[in-house]
$ cat work-v8.tsv   # TSV, C-alpha atoms
chain	number	residue	atom	x	y	z
A	1	MET	CA	-2.99	-19.46	-7.53
A	2	ILE	CA	-0.77	-17.97	-4.81
A	3	MET	CA	-2.34	-18.38	-1.38
A	4	GLU	CA	-2.44	-15.62	1.18
A	5	ILE	CA	0.61	-15.52	3.42
A	6	PRO	CA	0.00	-14.43	7.04
A	7	GLY	CA	1.47	-11.03	7.87
A	8	LYS	CA	4.22	-12.29	10.14
A	9	GLU	CA	5.35	-14.86	7.59
A	10	PHE	CA	5.33	-12.27	4.80
A	11	TYR	CA	7.45	-10.01	7.02
A	12	ASN	CA	10.01	-12.74	7.72
A	13	ARG	CA	10.12	-14.47	4.33
A	14	LEU	CA	11.93	-11.63	2.53
A	15	ASP	CA	15.49	-11.29	3.79
A	16	ILE	CA	18.19	-9.34	1.94
A	17	ASP	CA	19.57	-12.43	0.20
A	18	SER	CA	16.18	-13.41	-1.19
A	19	VAL	CA	15.58	-9.84	-2.41
A	20	LEU	CA	18.92	-9.72	-4.24
A	21	SER	CA	18.41	-13.24	-5.65
A	22	SER	CA	15.01	-12.21	-7.00
A	23	VAL	CA	16.54	-9.27	-8.88
A	24	GLU	CA	19.31	-11.48	-10.27
A	25	ASP	CA	16.76	-14.10	-11.36
A	26	ALA	CA	15.01	-11.31	-13.29
A	27	GLY	CA	18.19	-10.77	-15.32
A	28	PHE	CA	20.12	-8.06	-13.45
A	29	SER	CA	23.60	-8.14	-11.86
A	30	VAL	CA	23.38	-6.64	-8.40
A	31	SER	CA	26.07	-4.82	-6.44
A	32	GLY	CA	24.91	-5.93	-3.01
A	33	HIS	CA	23.31	-2.58	-2.13
A	34	CYS	CA	19.80	-3.19	-0.80
A	35	LEU	CA	17.80	-0.65	1.17
A	36	ALA	CA	14.28	-1.26	2.47
A	37	LEU	CA	11.99	1.65	1.60
A	38	ASN	CA	9.13	3.02	3.68
A	39	SER	CA	6.17	0.81	2.83
A	40	LEU	CA	3.74	-1.14	4.97
A	41	GLU	CA	1.32	-2.71	2.52
A	42	ASN	CA	3.98	-4.25	0.30
A	43	ARG	CA	7.73	-4.77	0.65
A	44	VAL	CA	9.79	-2.35	-1.46
A	45	TYR	CA	13.58	-2.19	-1.82
A	46	ASP	CA	16.14	0.08	-3.49
A	47	VAL	CA	18.67	-2.28	-5.11
A	48	GLY	CA	22.03	-1.29	-6.61
A	49	LEU	CA	23.33	-2.72	-9.89
A	50	GLU	CA	26.86	-3.94	-10.52
A	51	GLU	CA	27.32	-1.68	-13.55
A	52	GLY	CA	25.97	1.32	-11.66
A	53	GLY	CA	22.49	2.69	-11.21
A	54	ARG	CA	19.68	1.39	-9.04
A	55	LEU	CA	16.33	-0.29	-9.38
A	56	VAL	CA	13.28	-0.57	-7.18
A	57	VAL	CA	11.86	-4.04	-6.53
A	58	LYS	CA	8.34	-4.34	-5.16
A	59	PHE	CA	6.99	-7.50	-3.52
A	60	TYR	CA	3.19	-7.51	-3.45
A	61	ARG	CA	1.46	-8.58	-0.24
A	62	PRO	CA	0.00	-12.02	-1.09
A	63	GLY	CA	-3.76	-12.32	-0.96
A	64	ARG	CA	-4.44	-8.64	-1.59
A	65	TRP	CA	-4.40	-8.56	-5.39
A	66	THR	CA	-4.67	-11.44	-7.83
A	67	LEU	CA	-2.17	-11.75	-10.66
A	68	ASP	CA	-4.80	-10.45	-13.10
A	69	GLN	CA	-5.38	-7.39	-10.90
A	70	ILE	CA	-1.65	-6.65	-10.71
A	71	LEU	CA	-1.27	-7.03	-14.46
A	72	GLU	CA	-4.22	-4.69	-14.98
A	73	GLU	CA	-2.41	-2.05	-12.93
A	74	HIS	CA	0.62	-2.46	-15.18
A	75	SER	CA	-1.53	-2.32	-18.31
A	76	PHE	CA	-3.12	0.94	-17.13
A	77	LEU	CA	0.33	2.44	-16.53
A	78	LYS	CA	1.45	1.36	-20.00
A	79	GLU	CA	-1.61	3.06	-21.54
A	80	LEU	CA	-0.72	6.27	-19.71
A	81	GLU	CA	2.93	6.05	-20.73
A	82	GLU	CA	2.03	5.56	-24.38
A	83	VAL	CA	0.28	8.95	-24.48
A	84	GLU	CA	3.20	10.56	-22.64
A	85	ILE	CA	1.48	11.06	-19.31
A	86	PRO	CA	4.27	11.15	-16.69
A	87	VAL	CA	3.91	8.03	-14.55
A	88	VAL	CA	6.32	5.30	-13.47
A	89	ALA	CA	5.63	1.94	-15.11
A	90	PRO	CA	7.31	-1.41	-14.32
A	91	LEU	CA	10.18	-2.64	-16.45
A	92	PRO	CA	9.31	-5.33	-18.99
A	93	LEU	CA	11.41	-8.41	-18.30
A	94	GLU	CA	12.04	-11.56	-20.35
A	95	ASN	CA	9.29	-12.07	-22.97
A	96	GLY	CA	7.75	-8.77	-21.91
A	97	VAL	CA	6.42	-10.03	-18.57
A	98	THR	CA	6.27	-7.53	-15.73
A	99	VAL	CA	5.52	-9.89	-12.83
A	100	ARG	CA	7.66	-12.69	-11.42
A	101	GLU	CA	7.26	-14.90	-8.38
A	102	THR	CA	9.52	-16.00	-5.54
A	103	LYS	CA	8.63	-17.92	-2.39
A	104	GLY	CA	4.94	-17.59	-3.21
A	105	ILE	CA	5.19	-13.79	-3.57
A	106	TYR	CA	4.67	-11.78	-6.75
A	107	TYR	CA	7.26	-9.10	-7.44
A	108	THR	CA	7.98	-6.43	-10.05
A	109	ILE	CA	11.08	-4.44	-11.04
A	110	TRP	CA	10.74	-0.67	-11.47
A	111	PRO	CA	13.08	2.08	-12.63
A	112	LEU	CA	14.25	4.41	-9.90
A	113	GLN	CA	12.49	7.69	-10.63
A	114	LYS	CA	14.38	10.66	-9.24
A	115	GLY	CA	12.34	13.53	-7.87
A	116	ARG	CA	11.22	15.23	-4.70
A	117	LEU	CA	7.94	15.02	-2.87
A	118	VAL	CA	5.55	17.91	-3.35
A	119	GLU	CA	4.89	19.39	0.09
A	120	GLU	CA	2.71	22.25	-1.12
A	121	LEU	CA	0.98	22.87	-4.43
A	122	ASP	CA	1.51	26.43	-5.68
A	123	LYS	CA	-0.60	28.04	-8.40
A	124	ASN	CA	1.44	26.61	-11.27
A	125	ASN	CA	1.52	23.14	-9.75
A	126	LEU	CA	-2.22	23.20	-9.08
A	127	VAL	CA	-2.95	23.89	-12.74
A	128	GLN	CA	-0.44	21.29	-13.87
A	129	ALA	CA	-1.81	18.66	-11.47
A	130	GLY	CA	-5.34	19.38	-12.69
A	131	ARG	CA	-4.36	18.93	-16.32
A	132	LEU	CA	-2.43	15.75	-15.52
A	133	LEU	CA	-5.26	14.14	-13.55
A	134	ALA	CA	-7.78	15.02	-16.26
A	135	ARG	CA	-5.60	13.27	-18.83
A	136	ILE	CA	-5.27	10.24	-16.54
A	137	HIS	CA	-9.04	10.16	-16.12
A	138	ASN	CA	-9.60	10.46	-19.88
A	139	ILE	CA	-7.53	7.34	-20.39
A	140	GLY	CA	-9.21	5.76	-17.38
A	141	ALA	CA	-12.64	6.33	-18.92
A	142	SER	CA	-11.60	5.00	-22.34
A	143	LYS	CA	-12.26	1.40	-21.32
A	144	GLN	CA	-13.44	-0.62	-18.34
A	145	ALA	CA	-11.30	-2.46	-15.83
A	146	LYS	CA	-12.05	-6.18	-15.95
A	147	HIS	CA	-10.41	-7.26	-12.72
A	148	ARG	CA	-9.93	-4.28	-10.41
A	149	ILE	CA	-12.54	-3.61	-7.74
A	150	GLU	CA	-15.02	-0.73	-7.68
A	151	TYR	CA	-14.95	2.03	-5.10
A	152	ASN	CA	-18.42	1.35	-3.69
A	153	LEU	CA	-20.12	0.81	-0.34
A	154	LYS	CA	-19.67	-2.94	-0.35
A	155	ASN	CA	-15.90	-2.84	-0.84
A	156	PHE	CA	-14.99	0.30	1.11
A	157	GLY	CA	-17.74	0.55	3.71
A	158	GLU	CA	-19.88	-2.47	4.42
A	159	GLU	CA	-17.21	-5.17	4.23
A	160	PRO	CA	-14.68	-3.26	6.39
A	161	LEU	CA	-17.43	-2.52	8.93
A	162	ARG	CA	-18.49	-6.16	8.97
A	163	PHE	CA	-14.88	-7.25	9.53
A	164	LEU	CA	-14.48	-4.91	12.52
A	165	LYS	CA	-17.71	-6.27	14.00
A	166	GLU	CA	-17.01	-9.96	13.43
A	167	LYS	CA	-13.48	-9.73	14.82
A	168	GLU	CA	-14.70	-7.63	17.76
A	169	PHE	CA	-12.11	-4.91	17.41
A	170	LEU	CA	-14.34	-2.19	18.86
A	171	PRO	CA	-15.23	-2.08	22.55
A	172	THR	CA	-18.79	-3.35	22.97
A	173	HIS	CA	-20.10	-0.10	24.45
A	174	LEU	CA	-18.93	1.89	21.40
A	175	TRP	CA	-20.20	-0.40	18.66
A	176	LYS	CA	-23.76	0.95	18.40
A	177	ARG	CA	-22.57	4.54	18.11
A	178	TYR	CA	-19.90	3.62	15.56
A	179	GLN	CA	-22.35	1.59	13.45
A	180	GLU	CA	-25.03	4.29	13.48
A	181	ALA	CA	-22.53	6.92	12.35
A	182	ALA	CA	-21.28	4.56	9.62
A	183	ASN	CA	-24.84	3.90	8.42
A	184	ARG	CA	-25.45	7.62	8.05
A	185	ILE	CA	-22.29	7.97	5.97
A	186	PHE	CA	-23.32	4.99	3.82
A	187	SER	CA	-26.69	6.57	3.14
A	188	SER	CA	-25.13	9.91	2.25
A	189	PHE	CA	-22.69	8.20	-0.13
A	190	SER	CA	-25.61	6.49	-1.88
A	191	GLU	CA	-27.38	9.81	-2.36
A	192	ALA	CA	-24.35	11.86	-3.45
A	193	SER	CA	-23.06	9.27	-5.92
A	194	LYS	CA	-26.32	8.89	-7.85
A	195	GLY	CA	-25.69	9.37	-11.55
A	196	MET	CA	-21.99	10.05	-11.04
A	197	PRO	CA	-19.71	8.46	-13.65
A	198	PHE	CA	-17.31	5.79	-12.40
A	199	HIS	CA	-14.13	4.96	-14.33
A	200	ARG	CA	-10.53	3.91	-13.73
A	201	ILE	CA	-8.80	6.27	-11.28
A	202	HIS	CA	-5.55	6.43	-9.29
A	203	GLY	CA	-7.45	5.58	-6.09
A	204	ASP	CA	-4.91	6.82	-3.51
A	205	CYS	CA	-4.12	10.24	-4.89
A	206	HIS	CA	-2.41	12.34	-2.20
A	207	LYS	CA	0.72	14.48	-2.24
A	208	GLY	CA	2.82	11.55	-1.06
A	209	ASN	CA	2.16	9.96	-4.44
A	210	LEU	CA	3.04	13.08	-6.43
A	211	ILE	CA	6.67	13.97	-7.14
A	212	GLN	CA	8.40	16.88	-8.84
A	213	THR	CA	10.87	15.69	-11.47
A	214	ALA	CA	13.13	17.65	-13.78
A	215	ASP	CA	10.34	17.49	-16.38
A	216	GLY	CA	7.45	18.44	-14.10
A	217	LEU	CA	4.93	16.63	-11.91
A	218	CYS	CA	4.66	12.85	-11.98
A	219	PHE	CA	2.04	10.65	-10.32
A	220	ILE	CA	3.44	7.45	-8.78
A	221	ASP	CA	2.16	4.33	-7.02
A	222	PHE	CA	-1.00	3.11	-8.74
A	223	ASP	CA	-1.17	0.10	-6.43
A	224	ASP	CA	-4.64	1.14	-5.21
A	225	PHE	CA	-6.06	1.91	-8.65
A	226	VAL	CA	-9.80	1.15	-8.79
A	227	THR	CA	-12.93	1.99	-10.71
A	228	GLY	CA	-14.43	4.98	-8.94
A	229	PRO	CA	-15.54	8.62	-9.13
A	230	ALA	CA	-13.07	11.29	-10.25
A	231	VAL	CA	-13.47	13.21	-6.99
A	232	GLN	CA	-11.83	10.33	-5.09
A	233	ASP	CA	-8.59	11.49	-6.73
A	234	PHE	CA	-9.20	15.09	-5.58
A	235	TRP	CA	-10.08	15.20	-1.92
A	236	MET	CA	-6.80	13.98	-0.41
A	237	LEU	CA	-4.78	16.06	-2.84
A	238	LEU	CA	-6.64	19.37	-2.42
A	239	PRO	CA	-7.49	21.43	0.67
A	240	PHE	CA	-11.09	21.68	1.88
A	241	GLY	CA	-12.59	23.95	4.50
A	242	ASP	CA	-12.08	27.71	4.24
A	243	SER	CA	-12.29	30.32	1.47
A	244	SER	CA	-8.60	29.95	0.56
A	245	SER	CA	-9.21	26.23	0.03
A	246	GLU	CA	-11.97	27.04	-2.42
A	247	TYR	CA	-9.61	29.36	-4.32
A	248	GLU	CA	-7.00	26.60	-4.65
A	249	ARG	CA	-9.60	24.11	-5.82
A	250	GLU	CA	-10.78	26.52	-8.51
A	251	ILE	CA	-7.21	26.92	-9.79
A	252	PHE	CA	-6.88	23.14	-9.92
A	253	LEU	CA	-10.20	22.83	-11.75
A	254	GLU	CA	-9.11	25.40	-14.33
A	255	GLY	CA	-6.41	22.96	-15.39
A	256	TYR	CA	-8.63	19.88	-15.08
A	257	ARG	CA	-11.46	21.37	-17.16
A	258	GLU	CA	-9.10	22.12	-20.03
A	259	PHE	CA	-9.18	18.38	-20.72
A	260	ARG	CA	-12.23	16.93	-18.94
A	261	GLU	CA	-15.61	17.89	-17.49
A	262	PHE	CA	-16.02	18.13	-13.74
A	263	ARG	CA	-19.25	19.27	-12.11
A	264	SER	CA	-18.91	21.25	-8.89
A	265	SER	CA	-21.82	19.26	-7.41
A	266	TRP	CA	-19.59	16.18	-7.44
A	267	PHE	CA	-17.72	17.71	-4.50
A	268	ASP	CA	-20.77	16.71	-2.43
A	269	LEU	CA	-19.25	13.23	-2.35
A	270	VAL	CA	-16.08	14.36	-0.57
A	271	GLU	CA	-17.32	14.08	3.02
A	272	PRO	CA	-18.92	10.63	2.50
A	273	LEU	CA	-15.65	9.50	0.90
A	274	ARG	CA	-13.78	10.82	3.92
A	275	GLY	CA	-16.08	8.82	6.18
A	276	LEU	CA	-15.57	5.63	4.19
A	277	ARG	CA	-11.83	6.15	4.54
A	278	TYR	CA	-12.10	6.35	8.32
A	279	ILE	CA	-13.74	2.92	8.38
A	280	HIS	CA	-11.68	1.31	5.63
A	281	TYR	CA	-8.40	2.57	7.10
A	282	SER	CA	-9.11	1.11	10.54
A	283	ALA	CA	-10.10	-2.22	8.99
A	284	TRP	CA	-6.95	-2.15	6.85
A	285	ILE	CA	-4.78	-1.89	9.97
A	286	ALA	CA	-6.84	-4.53	11.78
A	287	LYS	CA	-6.51	-7.05	8.95
A	288	ARG	CA	-2.72	-6.76	9.03
A	289	TRP	CA	-2.20	-6.66	12.78
A	290	GLU	CA	-0.25	-9.94	12.79
A	291	ASP	CA	2.39	-8.29	10.61
A	292	PRO	CA	4.98	-6.93	13.10
A	293	SER	CA	5.28	-3.73	11.05
A	294	PHE	CA	1.78	-2.65	11.98
A	295	PRO	CA	1.94	-2.68	15.81
A	296	ASN	CA	5.22	-0.79	15.46
A	297	ALA	CA	3.69	1.81	13.14
A	298	PHE	CA	0.36	2.16	15.00
A	299	PRO	CA	1.09	1.60	18.73
A	300	HIS	CA	-2.19	3.20	19.82
A	301	PHE	CA	-4.42	1.22	17.45
A	302	GLY	CA	-7.11	-0.80	19.19
A	303	THR	CA	-6.92	1.02	22.51
A	304	GLU	CA	-10.02	2.44	24.17
A	305	GLU	CA	-8.76	5.94	23.41
A	306	TYR	CA	-8.25	5.09	19.74
A	307	TRP	CA	-11.79	3.78	19.23
A	308	GLU	CA	-13.37	6.59	21.23
A	309	ARG	CA	-11.63	9.12	19.00
A	310	GLU	CA	-12.56	7.23	15.82
A	311	THR	CA	-16.18	7.02	16.92
A	312	GLN	CA	-16.34	10.72	17.72
A	313	ASP	CA	-14.75	11.62	14.38
A	314	LEU	CA	-17.24	9.44	12.53
A	315	GLU	CA	-20.17	10.90	14.46
A	316	ARG	CA	-19.01	14.46	13.91
A	317	LEU	CA	-18.63	13.90	10.18
A	318	GLY	CA	-21.91	12.01	9.84
A	319	SER	CA	-23.94	14.57	11.76
A	320	ASP	CA	-23.46	17.15	8.99
A	321	LEU	CA	-24.33	14.84	6.10
A	322	PRO	CA	-27.68	14.56	4.31
A	323	VAL	CA	-29.25	11.10	4.46
A	324	SER	CA	-30.72	9.20	1.52
A	325	SER	CA	-34.17	7.72	1.92
A	326	GLU	CA	-33.82	5.57	-1.18
A	327	PRO	CA	-30.50	3.84	-2.00
A	328	ASP	CA	-29.43	3.71	-5.61
A	329	GLY	CA	-28.80	0.59	-7.62
A	330	ARG	CA	-25.01	0.69	-7.48
A	331	ASN	CA	-24.51	1.10	-3.74
A	332	SER	CA	-26.78	-1.17	-1.71
A	333	PHE	CA	-27.57	0.08	1.78
A	334	ALA	CA	-30.04	-1.02	4.40
A	335	LYS	CA	-30.67	0.04	7.98
A	336	THR	CA	-29.75	-2.71	10.42
A	337	ASP	CA	-30.08	-3.26	14.10
A	338	GLU	CA	-27.12	-3.78	16.37
A	339	SER	CA	-27.18	-7.58	16.11
A	340	GLU	CA	-27.27	-7.78	12.31
A	341	LEU	CA	-25.12	-6.12	9.64
A	342	THR	CA	-26.17	-6.67	6.03
A	343	ASN	CA	-24.01	-4.94	4.13
A	344	LYS	CA	-9.03	9.47	9.14
A	345	ASP	CA	-8.98	12.10	7.92
A	346	PHE	CA	-5.62	10.56	7.06
A	347	PHE	CA	-3.97	12.80	4.55
A	348	TRP	CA	-0.97	10.52	4.34
A	349	ASP	CA	-1.22	6.81	3.77
A	350	MET	CA	1.52	4.28	4.33
A	351	GLU	CA	-0.04	1.76	1.96
A	352	ASP	CA	2.24	1.22	-0.98

$ encode --input "work-v8.tsv" --output "structure tokens"
Amino acid sequence: MIMEIPGKEFYNRLDIDSVLSSVEDAGFSVSGHCLALNSLENRVYDVGLEEGGRLVVKFYRPGRWTLDQILEEHSFLKELEEVEIPVVAPLPLENGVTVRETKGIYYTIWPLQKGRLVEELDKNNLVQAGRLLARIHNIGASKQAKHRIEYNLKNFGEEPLRFLKEKEFLPTHLWKRYQEAANRIFSSFSEASKGMPFHRIHGDCHKGNLIQTADGLCFIDFDDFVTGPAVQDFWMLLPFGDSSSEYEREIFLEGYREFREFRSSWFDLVEPLRGLRYIHYSAWIAKRWEDPSFPNAFPHFGTEEYWERETQDLERLGSDLPVSSEPDGRNSFAKTDESELTNKDFFWDMED
């Protein structure tokens, strides 16, 4: 089992020579070209080949996913590829393996997929994206994930909140307000998710992970794939708020419903999901603060101003949510006092 490597060590362990050596060890002749790509969660590089062409090599942050969880991501991508759903899957290496190890770090080789980021979804793209996601969800629902985590309160709400409390990231005078707002969001999530089907989903489905290729739209980066509700793959991709947003969602759903059912009532989970993301995102940054990349990327994180704004955002969101009086079986939730804890609206996400 590969042990977790502290953030600073992970940052320093991968120099250009070790990246190129890893690609050569996987059976490729490199040209010496090596460009670090924009990624915080993992380390990702664009590597040139001696005979021409380029590959992408991804080094997984140790301690985040087990080998079985990484392989399950790759297996899901292979399932999607086999039914001609446009995704980017890792290259099979010697004996068909897709994961290798160097210096205690798992890594994978990927083809370089050419395309451009989708800044705005027009009518045609909305329909196409809806159809594509429905097909992904059909495959996702065809069998259960054995190793990947579930998008539930424990993993994406309670544990991140507990971490922030135990490590004392929030100023003391803000903690009670932050916790009360979080508890309201937890309760609302429990209520809105009752009876909702959970299955394998992309997990981090925003426009940064959708590219336009010569053949059409292609979803990339399934690193955060989990078992969760379909609407988790909608709310960062689609607009919410005014009447025009509703129109765009309906166009998207026209495409989605050609292949898969989606009940409009499931949109009730969007705001609780947004609230969980506020909490989970802050804890994600906090857990990686020793990695020099994170203070550089988030210079205002942890300041009084940062936590005041986060608390206000959480309170504002929670104040408009209905509260469950009885938690369901899947998502445990209990009211707690300030001394005991039982259990952003960021459109973009720099997690790989």

$ residues_around --input "work-v8.tsv" --residues "Thr311 of chain A" --least-positions-apart "3" --cutoff "10 Å" --atoms "all atoms listed in the file" --output "ChimeraX atom specification"
/A:170,174-182,278-279,305-308,314-317

$ write_last_selection --input "work-v8.tsv" --atoms "C-alpha atoms" --output "PDB file, in the frame of the given file"
ATOM      1  CA  LEU A 170     -14.340  -2.190  18.860  1.00  0.00           C
ATOM      2  CA  LEU A 174     -18.930   1.890  21.400  1.00  0.00           C
ATOM      3  CA  TRP A 175     -20.200  -0.400  18.660  1.00  0.00           C
ATOM      4  CA  LYS A 176     -23.760   0.950  18.400  1.00  0.00           C
ATOM      5  CA  ARG A 177     -22.570   4.540  18.110  1.00  0.00           C
ATOM      6  CA  TYR A 178     -19.900   3.620  15.560  1.00  0.00           C
ATOM      7  CA  GLN A 179     -22.350   1.590  13.450  1.00  0.00           C
ATOM      8  CA  GLU A 180     -25.030   4.290  13.480  1.00  0.00           C
ATOM      9  CA  ALA A 181     -22.530   6.920  12.350  1.00  0.00           C
ATOM     10  CA  ALA A 182     -21.280   4.560   9.620  1.00  0.00           C
ATOM     11  CA  TYR A 278     -12.100   6.350   8.320  1.00  0.00           C
ATOM     12  CA  ILE A 279     -13.740   2.920   8.380  1.00  0.00           C
ATOM     13  CA  GLU A 305      -8.760   5.940  23.410  1.00  0.00           C
ATOM     14  CA  TYR A 306      -8.250   5.090  19.740  1.00  0.00           C
ATOM     15  CA  TRP A 307     -11.790   3.780  19.230  1.00  0.00           C
ATOM     16  CA  GLU A 308     -13.370   6.590  21.230  1.00  0.00           C
ATOM     17  CA  LEU A 314     -17.240   9.440  12.530  1.00  0.00           C
ATOM     18  CA  GLU A 315     -20.170  10.900  14.460  1.00  0.00           C
ATOM     19  CA  ARG A 316     -19.010  14.460  13.910  1.00  0.00           C
ATOM     20  CA  LEU A 317     -18.630  13.900  10.180  1.00  0.00           C
TER      21      LEU A 317
END

$ residues_around --input "work-v8.tsv" --residues "Pro86 of chain A" --least-positions-apart "3" --cutoff "9 Å" --atoms "only C-alpha atoms" --output "CSV table (one decimal) with C-alpha atoms, in the coordinates of the input"
chain,number,residue,atom,x,y,z
A,80,LEU,CA,-0.7,6.3,-19.7
A,81,GLU,CA,2.9,6.0,-20.7
A,132,LEU,CA,-2.4,15.8,-15.5
A,215,ASP,CA,10.3,17.5,-16.4
A,216,GLY,CA,7.4,18.4,-14.1
A,217,LEU,CA,4.9,16.6,-11.9
A,218,CYS,CA,4.7,12.8,-12.0
A,219,PHE,CA,2.0,10.6,-10.3
A,220,ILE,CA,3.4,7.4,-8.8

$ closest_atom_pairs --input "work-v8.tsv" --of "segment 67-100 of chain A" --to "segment 16-40 of chain A" --cutoff "8 Å" --atoms "all atoms listed in the file" --output "Markdown table"
| residue | atom | partner | partner_atom | distance |
| --- | --- | --- | --- | --- |
| A:Leu93 | CA | A:Ala26 | CA | 6.8 |
| A:Glu94 | CA | A:Ala26 | CA | 7.7 |
| A:Arg100 | CA | A:Ala26 | CA | 7.7 |

$ residues_around --input "work-v8.tsv" --residues "Glu254 of chain A" --least-positions-apart "2" --cutoff "12 Å" --atoms "only C-alpha atoms" --output "PyMOL selection string"
chain A and resi 123-134+247-252+256-262+264

$ atom_distance --input "work-v8.tsv" --atom1 "atom CA of Pro197 of chain A" --atom2 "atom CA of Gly228 of chain A"
7.9 Å

$ atom_distance --input "work-v8.tsv" --atom1 "atom CA of Tyr45 of chain A" --atom2 "atom CA of Leu121 of chain A"
28.2 Å

$ residues_around --input "work-v8.tsv" --residues "Phe225 of chain A" --least-positions-apart "6" --cutoff "8 Å" --atoms "only C-alpha atoms" --output "CSV table (one decimal) with C-alpha atoms, in the frame of the given file"
chain,number,residue,atom,x,y,z
A,73,GLU,CA,-2.4,-2.0,-12.9
A,148,ARG,CA,-9.9,-4.3,-10.4
A,200,ARG,CA,-10.5,3.9,-13.7
A,201,ILE,CA,-8.8,6.3,-11.3
A,202,HIS,CA,-5.6,6.4,-9.3
A,203,GLY,CA,-7.4,5.6,-6.1
A,204,ASP,CA,-4.9,6.8,-3.5

$ closest_residue --input "work-v8.tsv" --among "A:Val87, A:Ala283, A:Leu67, A:Met196" --to "Leu164 of chain A" --atoms "only C-alpha atoms"
A:Ala283

$ closest_residue --input "work-v8.tsv" --among "A:Gln113, A:Asn42, A:Ser142, A:Thr66" --to "Glu79 of chain A" --atoms "only C-alpha atoms"
A:Ser142

$ residues_around --input "work-v8.tsv" --residues "segment 230-239 of chain A" --least-positions-apart "4" --cutoff "6 Å" --atoms "only C-alpha atoms" --output "list in words"
Cys205, His206, Lys207, Ser245 and Phe347 of chain A

$ atom_distance --input "work-v8.tsv" --atom1 "atom CA of Val44 of chain A" --atom2 "atom CA of Pro160 of chain A"
25.7 Å

$ closest_residue --input "work-v8.tsv" --among "A:Leu91, A:Lys78, A:Ile139, A:Ile105" --to "Leu14 of chain A" --atoms "all atoms listed in the file"
A:Ile105
